[in-house]
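Here is the structure we will look at.
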Amino acid sequence: MRLAALDRTLETLLLGEPHEGVLTVTLNRPERANALSTTMGQELIDVFGALEAAPEAYRCVVLTGAGDRVFCAGADLKQRDGMSDDDFSRQHYLFERMMRAILACPPPLIGAVNGAAFAGGLEMALNCDFAYAARTARFALTEVTRGIMPGGGGTQLLPRTIGERRAKEVILTGQPFSAEEALAWGIVNRLCDPGQVLAEVLRTAQLICGNAPISVRQAKKSITHGLQMDRASGMLFEIEAYYQLIPTEDRREGIAAYNEKRPPVFKGR
């Protein structure tokens, strides 16, 4: 099943299907450091909104940037130069919707951070389920150095990832940190040689694609929503998610394949 977004020309994104079941979404404004423009925000809403509406379309999604130097430099400040307060607010509301659409992606979403991830770029990486990064990548939430503050989830997602005190230091100073620090703090799961990030992520994506897709989506949902609950409520939520899998063909196929000593063929049913 293809998304309608694949059948139209996008100005700021490149969509690809490098392997069956995998969708790559590439931020494609290398001349502007893959910075977020109004058009890019709308196109990301369109793509990730389509994924939310058709969760069975792909088994894994990868978000990356064009080139080897920059993942995303955040909002395009040249486009914002001279904006009225009303225009600025309208654009930021678009970016808020964009981040919510990315966060709500039903299939697993892996960030392939091929270079610098600053401001909204780091927030996009945080909105992924997990991410790999180039060893040369740099990270920062620079908003306070520009008279604003993180508004794409940075003040909520970063403390939940690296802890309150370290997140306050990162956000309140606005200073960059290294890929090695991002790995040590849990922002990224793996460091890769420059130019190899996407290949490493695609290998992991293929492992995910080999698993039962409904099981994967239910497990992701259980983790994401369960973490917002107290432990007892989270345990109940997990069981509700689990019981949705019992009547599926894939559950029966998984057991049959094990007993017949063959790889399972999951169909998402």
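Here's how to read the names in the structure tokens: chain A, B, ... by the order shown, residue numbers from 1 in each chain, ligand numbers from 1 in the order shown.
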For Phe95 of chain A, work out the shell of residues within 10 Å, counting only C-alpha atoms and skipping chain neighbours fewer than 3 positions away, then give it as a list in words. Leu36, Ser37, Thr38, Met40, Gly41, Gln42, Leu44, Ile45, Ala75, Ser89, Arg90, Gln91, His92, Met98, Met99, Arg100, Ala101, Gly120, Gly151 and Gly152 of chain A
Residues near Ala119 of chain A, anyone? I mean within 8 Å using only C-alpha atoms, not counting same-chain ones fewer than 5 positions away, as a VMD selection string. chain A and resid 73 to 75 140 to 143 150
Write out as a ChimeraX atom specification all residues of segment 8-221 of chain A that backbone DSSP assigns to alpha helix (DSSP H). /A:38-53,77-80,85-103,120-127,154-162,164-173,179-185,197-209,213-221
With distances taken over only C-alpha atoms, which of A:Asp193, A:Asp129, A:Glu56, A:Asp85 is nearest to Ile214 of chain A?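 Counting only C-alpha atoms, the residue closest to Ile214 of chain A is A:Glu56.
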Hey, what does DSSP flag as strand (DSSP E) within segment 3-246 of chain A? Can you give it to me as a ChimeraX atom specification? /A:13-16,22-27,60-65,70-72,109-113,116-118,130-134,138-140,177-178,190-192
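Between atom CA of Ile239 of chain A and atom CA of Ile208 of chain A the separation is 21.8 Å.
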Calculate how many Å separate atom CA of Leu23 of chain A from atom CA of Thr224 of chain A, rounding to one decimal.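 Computed distance, atom CA of Leu23 of chain A to atom CA of Thr224 of chain A, equals 21.2 Å.
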Tell me, as a VMD selection string, which residues lie within 12 Å of Ala133 of chain A, counting only C-alpha atoms; anything in the same chain fewer than 4 positions away does not count. chain A and resid 63 to 65 68 to 71 110 to 117 122 125 137 to 139 178 to 183 186 to 201
Would you pick out the contacts of Ala241 of chain A at 10 Å or less, using only C-alpha atoms, so that residues sharing its chain but fewer than 2 positions from it are not included, and give the list as a compact mmCIF listing (two decimals) with C-alpha atoms, in the first residue's frame?
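Saved the output as out33.txt:
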# COMPACT_ATOMS: atom_id res chain seq x y z
CA SER A 215 2.81 -6.57 17.34
CA ARG A 217 2.85 -1.11 16.57
CA GLN A 218 1.09 -2.34 19.71
CA ALA A 219 4.38 -2.63 21.60
CA LYS A 220 5.35 0.91 20.56
CA LYS A 221 1.93 2.21 21.64
CA SER A 222 2.23 0.45 24.99
CA MET A 235 0.53 -2.51 33.28
CA LEU A 236 -3.21 -2.56 32.57
CA PHE A 237 -2.67 -0.65 29.32
CA GLU A 238 -0.03 -3.19 28.28
CA ILE A 239 -2.42 -6.10 28.84
CA TYR A 243 -5.01 -8.98 24.02
CA GLN A 244 -5.54 -7.21 20.70
CA LEU A 245 -2.90 -9.57 19.24
CA ILE A 246 -4.44 -12.88 20.26
Quick one, how far is atom CA of Thr155 of chain A from atom CA of Phe130 of chain A?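 These atoms are spaced 17.6 Å apart.
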Quick one: residues within 10 Å of His19 of chain A, only C-alpha atoms counted, chain neighbours fewer than 6 positions away excluded, as number ranges by chain? A: 60, 202-203, 205-206, 209
Restrict the selected residues to N, CA, C and O atoms and save them as a tab-separated table (two decimals), in the first residue's frame.
chain	number	residue	atom	x	y	z
A	60	CYS	N	8.26	0.36	8.92
A	60	CYS	CA	9.25	1.19	9.60
A	60	CYS	C	9.47	2.45	8.77
A	60	CYS	O	9.40	2.41	7.53
A	202	LEU	N	19.07	1.61	8.18
A	202	LEU	CA	18.28	0.73	7.32
A	202	LEU	C	18.46	-0.73	7.69
A	202	LEU	O	17.52	-1.53	7.57
A	203	ARG	N	19.64	-1.10	8.17
A	203	ARG	CA	19.82	-2.49	8.63
A	203	ARG	C	18.92	-2.77	9.84
A	203	ARG	O	18.30	-3.84	9.92
A	205	ALA	N	16.16	-1.11	10.50
A	205	ALA	CA	14.78	-1.05	10.00
A	205	ALA	C	14.37	-2.40	9.41
A	205	ALA	O	13.22	-2.83	9.59
A	206	GLN	N	15.29	-3.05	8.71
A	206	GLN	CA	14.95	-4.36	8.13
A	206	GLN	C	14.71	-5.41	9.21
A	206	GLN	O	13.86	-6.29	9.04
A	209	CYS	N	11.25	-4.79	10.31
A	209	CYS	CA	10.30	-5.21	9.28
A	209	CYS	C	10.10	-6.72	9.26
A	209	CYS	O	9.07	-7.20	8.77
Which is closest to Asp46 of chain A among A:Arg32, A:Val25, A:Val62, A:Asp87, if we use only C-alpha atoms? A:Val25
